Structure formats: structure tokens, C-alpha cells
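To start, the structure itself, in C-alpha cells.
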Amino acid sequence: MKKKPPFSYIFEDIVGLANQNGIQLSILDETFAHTLRSKFSVFYPKVSLSRGIEFYDGEGMQTDEADKYLPSFMTENKAYLLIPERHDQRGIMFEHGNEVPKVLEELSYYIEFVLFDESMKFLIGENHSGILMALGDAKKWLRKLKIS
């Protein structure tokens, strides 16, 4: 089981792990990350990031290891990772979404996160309780995982 993160270092740790593994990503400034949050709020109005992550009409599954399941869903397409942490509102853009699980797996701690693609076809998140949640195209994927 991973421990809670040292919040001030999350972005630095993710960038460092990406660099070590040759993974292409960009840190998004707070303004652009806010624009993305607003955009997915339009697509997924029943998602709350105000007190942790809640997907009120999504599929959910208890796990502390989202990184183990994500490879079966993520593709080569660009993906955005937001961390709803109060002190740092930046985001991360991965050139290849299938590399997100590699970075999450390498972290020595767990993080709450929201993950989605540019077209907002899916929204995946994991909250502080270790619940993996999914909306859009990812909802069907998570439902199948729960059955297997």
C-alpha cells in the first residue's frame, strides 16, 4: 500500500520519473488547467473536485492501485492529468496517454487524480479512498473490470 504524498513535490516527482523513463509530458500552467477543469465540467457536470474527487453518476471500484488497471484502457492519444490538490492547481499533459500508468506506478505514494483525453470522451479518477471512478467511454471499461 502506498503512503500519502508530500504535496509540494508531486509535480516535480512526476516530471523526474517521466524524464528517467523517456516519457514526454508538459506541465500546464494554472490558467490552462483551470480551462480544462471548466471544459470537463460542461461534459461531466456531476463531477466534483471541491472536496476530493466524486463522480456522482459514474462507475466505481475500490482499489488502491489504479495504475495496475489503467494500461488496459489508455491509448497512445494525448491525455491530461489533473491533481485536485489545493496548493497547486497546475496540470500535466502526456503526449502518449498509455504512459500515464507507468509514471503513477513509479510514484512511491498514491495521488488523487483525474485523467481525460482532449475530446473528453472519457474521465477517469481515483480519490483519497482508493476508489477508481470512470465516466464516458471509460465507464463500460470499468464495469467489465469489476465483473472479471
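Quick note on naming: the chains in the C-alpha cells go A, B, ... in the order shown, residues restart at 1 in each chain, and ligands are numbered from 1 in order of appearance.
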
- Query: Could you write out, as a ChimeraX atom specification, all the residues of range 24-98 of chain A that DSSP marks as strand (DSSP E)?
  - Reply: /A:25-28,47-48,54-55,59-62,79-82,91-94

Just the selected residues (N, CA and C atoms), exported as a compact mmCIF listing (two decimals), in the first residue's frame, please.
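Writing the result to out24.txt gives the following:
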# COMPACT_ATOMS: atom_id res chain seq x y z
N LEU A 25 6.06 14.76 -21.49
CA LEU A 25 4.93 15.44 -20.85
C LEU A 25 5.23 16.92 -20.74
N SER A 26 4.19 17.67 -20.47
CA SER A 26 4.32 19.11 -20.25
C SER A 26 3.52 19.48 -19.00
N ILE A 27 4.08 20.37 -18.21
CA ILE A 27 3.34 20.90 -17.07
C ILE A 27 2.48 22.05 -17.58
N LEU A 28 1.20 22.00 -17.26
CA LEU A 28 0.27 23.04 -17.69
C LEU A 28 0.18 24.11 -16.62
N VAL A 47 -19.44 15.82 -11.68
CA VAL A 47 -18.12 15.53 -11.12
C VAL A 47 -17.75 16.68 -10.19
N SER A 48 -17.30 16.35 -9.01
CA SER A 48 -16.89 17.37 -8.05
C SER A 48 -15.42 17.19 -7.70
N GLU A 54 -15.30 13.21 -6.65
CA GLU A 54 -16.55 12.45 -6.62
C GLU A 54 -17.16 12.46 -8.02
N PHE A 55 -17.50 11.29 -8.52
CA PHE A 55 -18.21 11.15 -9.80
C PHE A 55 -19.59 10.64 -9.43
N GLU A 59 -19.17 4.97 -12.81
CA GLU A 59 -18.91 3.61 -12.36
C GLU A 59 -17.76 3.71 -11.36
N GLY A 60 -17.74 2.88 -10.32
CA GLY A 60 -16.67 2.93 -9.35
C GLY A 60 -16.22 1.55 -8.89
N MET A 61 -14.97 1.46 -8.46
CA MET A 61 -14.42 0.20 -7.99
C MET A 61 -13.36 0.51 -6.92
N GLN A 62 -13.42 -0.19 -5.79
CA GLN A 62 -12.44 0.00 -4.72
C GLN A 62 -11.11 -0.63 -5.11
N ALA A 79 -3.18 12.71 -23.27
CA ALA A 79 -4.04 12.63 -22.08
C ALA A 79 -3.64 13.71 -21.09
N TYR A 80 -4.62 14.16 -20.34
CA TYR A 80 -4.40 15.20 -19.34
C TYR A 80 -4.62 14.63 -17.95
N LEU A 81 -3.75 15.00 -17.04
CA LEU A 81 -3.82 14.56 -15.66
C LEU A 81 -3.95 15.80 -14.78
N LEU A 82 -5.02 15.85 -14.00
CA LEU A 82 -5.20 16.92 -13.03
C LEU A 82 -5.16 16.31 -11.63
N GLY A 91 -1.63 21.32 -14.10
CA GLY A 91 -1.99 20.02 -14.64
C GLY A 91 -0.81 19.47 -15.44
N ILE A 92 -0.99 18.27 -15.97
CA ILE A 92 0.07 17.64 -16.75
C ILE A 92 -0.54 17.10 -18.03
N MET A 93 0.12 17.35 -19.15
CA MET A 93 -0.31 16.80 -20.43
C MET A 93 0.73 15.75 -20.85
N PHE A 94 0.26 14.51 -21.03
CA PHE A 94 1.12 13.43 -21.50
C PHE A 94 0.93 13.31 -23.01

- Message: Show me, as a count of residues only, the residues that have an atom within 8 Å of Asp137 in chain A when counting only C-alpha atoms, minus same-chain residues fewer than 2 positions from it.
- Response: 7

- In Å, rounded to a single decimal, give me how far CA of Tyr9 in chain A is from CA of Leu107 in chain A.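 Distance reported for this atom pair: 11.1 Å.
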
Please identify all polymer residues within 12 Å of Ala138 in chain A, counting only C-alpha atoms, omitting same-chain residues fewer than 2 positions from it, and present them as an mmCIF file with N, CA and C atoms, in the first residue's frame.
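The result, stored in selection12.cif:
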data_model
loop_
_atom_site.group_PDB
_atom_site.id
_atom_site.type_symbol
_atom_site.label_atom_id
_atom_site.label_comp_id
_atom_site.auth_asym_id
_atom_site.auth_seq_id
_atom_site.Cartn_x
_atom_site.Cartn_y
_atom_site.Cartn_z
ATOM 1 N N GLY A 58 -21.004 8.026 -12.075
ATOM 2 C CA GLY A 58 -20.016 7.183 -12.735
ATOM 3 C C GLY A 58 -19.995 5.769 -12.198
ATOM 4 N N GLU A 59 -19.173 4.974 -12.810
ATOM 5 C CA GLU A 59 -18.910 3.611 -12.358
ATOM 6 C C GLU A 59 -17.756 3.706 -11.364
ATOM 7 N N GLY A 60 -17.743 2.876 -10.322
ATOM 8 C CA GLY A 60 -16.667 2.926 -9.347
ATOM 9 C C GLY A 60 -16.223 1.550 -8.893
ATOM 10 N N TYR A 69 -4.611 -1.043 -13.438
ATOM 11 C CA TYR A 69 -5.757 -1.240 -14.328
ATOM 12 C C TYR A 69 -5.734 -0.329 -15.550
ATOM 13 N N LEU A 70 -5.154 0.843 -15.412
ATOM 14 C CA LEU A 70 -5.180 1.827 -16.497
ATOM 15 C C LEU A 70 -4.574 1.346 -17.821
ATOM 16 N N SER A 72 -4.989 -1.206 -19.462
ATOM 17 C CA SER A 72 -5.977 -1.884 -20.307
ATOM 18 C C SER A 72 -6.948 -0.906 -20.975
ATOM 19 N N PHE A 73 -6.876 0.375 -20.607
ATOM 20 C CA PHE A 73 -7.767 1.362 -21.210
ATOM 21 C C PHE A 73 -7.027 2.443 -21.992
ATOM 22 N N MET A 74 -5.919 2.907 -21.476
ATOM 23 C CA MET A 74 -5.226 4.059 -22.055
ATOM 24 C C MET A 74 -4.631 3.740 -23.420
ATOM 25 N N THR A 75 -4.649 4.735 -24.299
ATOM 26 C CA THR A 75 -4.124 4.583 -25.663
ATOM 27 C C THR A 75 -2.952 5.528 -25.874
ATOM 28 N N LEU A 115 -8.121 11.993 -14.933
ATOM 29 C CA LEU A 115 -7.440 11.728 -16.196
ATOM 30 C C LEU A 115 -8.471 11.750 -17.315
ATOM 31 N N PHE A 116 -8.162 12.431 -18.415
ATOM 32 C CA PHE A 116 -9.110 12.511 -19.522
ATOM 33 C C PHE A 116 -8.362 12.822 -20.807
ATOM 34 N N ASP A 117 -9.056 12.626 -21.934
ATOM 35 C CA ASP A 117 -8.449 12.920 -23.226
ATOM 36 C C ASP A 117 -8.921 14.283 -23.726
ATOM 37 N N MET A 120 -12.610 14.735 -24.411
ATOM 38 C CA MET A 120 -13.487 14.488 -23.262
ATOM 39 C C MET A 120 -14.356 13.240 -23.442
ATOM 40 N N LYS A 121 -13.865 12.266 -24.206
ATOM 41 C CA LYS A 121 -14.627 11.024 -24.394
ATOM 42 C C LYS A 121 -14.625 10.171 -23.136
ATOM 43 N N PHE A 122 -13.633 10.375 -22.276
ATOM 44 C CA PHE A 122 -13.593 9.616 -21.029
ATOM 45 C C PHE A 122 -13.077 10.497 -19.902
ATOM 46 N N LEU A 123 -13.423 10.100 -18.704
ATOM 47 C CA LEU A 123 -12.933 10.746 -17.497
ATOM 48 C C LEU A 123 -12.709 9.630 -16.489
ATOM 49 N N ILE A 124 -11.483 9.530 -15.989
ATOM 50 C CA ILE A 124 -11.122 8.509 -15.008
ATOM 51 C C ILE A 124 -10.512 9.235 -13.812
ATOM 52 N N GLY A 125 -10.840 8.790 -12.631
ATOM 53 C CA GLY A 125 -10.256 9.399 -11.444
ATOM 54 C C GLY A 125 -10.070 8.381 -10.344
ATOM 55 N N LEU A 132 -11.479 3.909 -7.732
ATOM 56 C CA LEU A 132 -11.257 4.213 -9.145
ATOM 57 C C LEU A 132 -12.627 4.474 -9.753
ATOM 58 N N MET A 133 -12.781 5.629 -10.402
ATOM 59 C CA MET A 133 -14.075 6.025 -10.948
ATOM 60 C C MET A 133 -13.934 6.312 -12.439
ATOM 61 N N ALA A 134 -15.036 6.106 -13.172
ATOM 62 C CA ALA A 134 -14.980 6.308 -14.616
ATOM 63 C C ALA A 134 -16.304 6.840 -15.151
ATOM 64 N N LEU A 135 -16.185 7.682 -16.169
ATOM 65 C CA LEU A 135 -17.331 8.223 -16.897
ATOM 66 C C LEU A 135 -17.033 8.179 -18.394
ATOM 67 N N GLY A 136 -18.062 8.389 -19.186
ATOM 68 C CA GLY A 136 -17.887 8.371 -20.640
ATOM 69 C C GLY A 136 -17.509 6.980 -21.113
ATOM 70 N N LYS A 140 -17.864 1.861 -19.277
ATOM 71 C CA LYS A 140 -18.058 0.480 -19.720
ATOM 72 C C LYS A 140 -16.810 -0.367 -19.419
ATOM 73 N N TRP A 141 -15.637 0.217 -19.620
ATOM 74 C CA TRP A 141 -14.373 -0.465 -19.329
ATOM 75 C C TRP A 141 -14.297 -0.858 -17.863
ATOM 76 N N LEU A 142 -14.622 0.075 -16.977
ATOM 77 C CA LEU A 142 -14.532 -0.205 -15.544
ATOM 78 C C LEU A 142 -15.591 -1.222 -15.120
ATOM 79 N N ARG A 143 -16.744 -1.154 -15.709
ATOM 80 C CA ARG A 143 -17.794 -2.128 -15.404
ATOM 81 C C ARG A 143 -17.312 -3.546 -15.736
ATOM 82 N N LYS A 144 -16.626 -3.697 -16.874
ATOM 83 C CA LYS A 144 -16.092 -5.013 -17.266
ATOM 84 C C LYS A 144 -15.002 -5.474 -16.296
ATOM 85 N N LEU A 145 -14.174 -4.551 -15.834
ATOM 86 C CA LEU A 145 -13.123 -4.901 -14.870
ATOM 87 C C LEU A 145 -13.732 -5.436 -13.581
#

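With only C-alpha atoms as the basis for measurement, A:Asn127 is the residue among A:Asn19, A:Thr63, A:Thr35, A:Asn127 that approaches Ser50 in chain A most closely.
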
- Task: From a DSSP calculation on the backbone, collect every residue of chain A in helix (DSSP H, G or I) and output the set as a VMD selection string.
- Result: chain A and resid 7 to 20 30 to 43 66 to 72 97 to 106 137 to 147

Next, write the just-selected residues to a file, as a PDB file, in the first residue's frame, keeping C-alpha atoms as the atom set.
ATOM      1  CA  PHE A   7       2.050  17.571  -1.781  1.00  0.00           C
ATOM      2  CA  SER A   8       4.721  20.113  -2.557  1.00  0.00           C
ATOM      3  CA  TYR A   9       6.691  17.607  -4.624  1.00  0.00           C
ATOM      4  CA  ILE A  10       4.050  15.823  -6.708  1.00  0.00           C
ATOM      5  CA  PHE A  11       4.719  17.657  -9.957  1.00  0.00           C
ATOM      6  CA  GLU A  12       8.477  17.563  -9.518  1.00  0.00           C
ATOM      7  CA  ASP A  13       8.357  13.818  -8.817  1.00  0.00           C
ATOM      8  CA  ILE A  14       6.182  13.136 -11.858  1.00  0.00           C
ATOM      9  CA  VAL A  15       8.456  15.168 -14.139  1.00  0.00           C
ATOM     10  CA  GLY A  16      11.529  13.433 -12.720  1.00  0.00           C
ATOM     11  CA  LEU A  17      10.046   9.960 -13.253  1.00  0.00           C
ATOM     12  CA  ALA A  18       8.962  10.881 -16.767  1.00  0.00           C
ATOM     13  CA  ASN A  19      12.457  12.131 -17.602  1.00  0.00           C
ATOM     14  CA  GLN A  20      14.042   8.951 -16.224  1.00  0.00           C
ATOM     15  CA  GLU A  30      -2.822  27.063 -13.599  1.00  0.00           C
ATOM     16  CA  THR A  31      -4.795  29.110 -16.138  1.00  0.00           C
ATOM     17  CA  PHE A  32      -4.816  26.360 -18.763  1.00  0.00           C
ATOM     18  CA  ALA A  33      -5.530  23.697 -16.137  1.00  0.00           C
ATOM     19  CA  HIS A  34      -8.489  25.788 -14.938  1.00  0.00           C
ATOM     20  CA  THR A  35      -9.757  25.994 -18.539  1.00  0.00           C
ATOM     21  CA  LEU A  36      -9.604  22.191 -18.762  1.00  0.00           C
ATOM     22  CA  ARG A  37     -11.470  21.824 -15.449  1.00  0.00           C
ATOM     23  CA  SER A  38     -14.177  24.136 -16.783  1.00  0.00           C
ATOM     24  CA  LYS A  39     -14.369  22.166 -20.022  1.00  0.00           C
ATOM     25  CA  PHE A  40     -14.821  18.790 -18.367  1.00  0.00           C
ATOM     26  CA  SER A  41     -17.394  20.338 -16.012  1.00  0.00           C
ATOM     27  CA  VAL A  42     -19.525  21.015 -19.087  1.00  0.00           C
ATOM     28  CA  PHE A  43     -19.124  17.439 -20.349  1.00  0.00           C
ATOM     29  CA  ALA A  66      -5.361   2.384 -10.366  1.00  0.00           C
ATOM     30  CA  ASP A  67      -2.025   2.222 -12.176  1.00  0.00           C
ATOM     31  CA  LYS A  68      -2.435  -1.561 -12.475  1.00  0.00           C
ATOM     32  CA  TYR A  69      -5.757  -1.240 -14.328  1.00  0.00           C
ATOM     33  CA  LEU A  70      -5.180   1.827 -16.497  1.00  0.00           C
ATOM     34  CA  PRO A  71      -2.962   0.106 -19.112  1.00  0.00           C
ATOM     35  CA  SER A  72      -5.977  -1.884 -20.307  1.00  0.00           C
ATOM     36  CA  GLY A  97      -1.764   8.550 -22.603  1.00  0.00           C
ATOM     37  CA  ASN A  98      -0.586   4.961 -22.323  1.00  0.00           C
ATOM     38  CA  GLU A  99       2.471   6.259 -20.446  1.00  0.00           C
ATOM     39  CA  VAL A 100       0.439   7.723 -17.567  1.00  0.00           C
ATOM     40  CA  PRO A 101       0.166   4.365 -15.715  1.00  0.00           C
ATOM     41  CA  LYS A 102       3.955   3.903 -15.919  1.00  0.00           C
ATOM     42  CA  VAL A 103       4.522   7.169 -14.051  1.00  0.00           C
ATOM     43  CA  LEU A 104       1.758   6.522 -11.487  1.00  0.00           C
ATOM     44  CA  GLU A 105       3.188   3.073 -10.789  1.00  0.00           C
ATOM     45  CA  GLU A 106       6.663   4.505 -10.160  1.00  0.00           C
ATOM     46  CA  ASP A 137     -16.194   5.622 -22.660  1.00  0.00           C
ATOM     47  CA  ALA A 138     -14.297   4.508 -19.552  1.00  0.00           C
ATOM     48  CA  LYS A 139     -17.498   3.648 -17.676  1.00  0.00           C
ATOM     49  CA  LYS A 140     -18.058   0.480 -19.720  1.00  0.00           C
ATOM     50  CA  TRP A 141     -14.373  -0.465 -19.329  1.00  0.00           C
ATOM     51  CA  LEU A 142     -14.532  -0.205 -15.544  1.00  0.00           C
ATOM     52  CA  ARG A 143     -17.794  -2.128 -15.404  1.00  0.00           C
ATOM     53  CA  LYS A 144     -16.092  -5.013 -17.266  1.00  0.00           C
ATOM     54  CA  LEU A 145     -13.123  -4.901 -14.870  1.00  0.00           C
ATOM     55  CA  LYS A 146     -15.439  -5.256 -11.896  1.00  0.00           C
ATOM     56  CA  ILE A 147     -17.045  -8.349 -13.400  1.00  0.00           C
TER      57      ILE A 147
END

- Item | CA of Ser108 in chain A to CA of Arg90 in chain A, distance in Å rounded to a single decimal | 20.6 Å

- Quick one: pull the distance between CA of Tyr110 in chain A and CA of Asp64 in chain A, Å, one decimal.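 If I compute the distance from CA of Tyr110 in chain A to CA of Asp64 in chain A, I get 7.8 Å.
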
- Message: With only C-alpha atoms as the counted atoms, please give the residues lying no more than 8 Å from Ile83 in chain A, apart from itself and same-chain residues fewer than 4 positions off, as a list of chain:residue names.
- Response: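 Neighbouring residues, sequence-local ones excluded: A:Gln89, A:Arg90, A:Gly91, A:Ile111, A:Glu112, A:Phe113, A:Val114.
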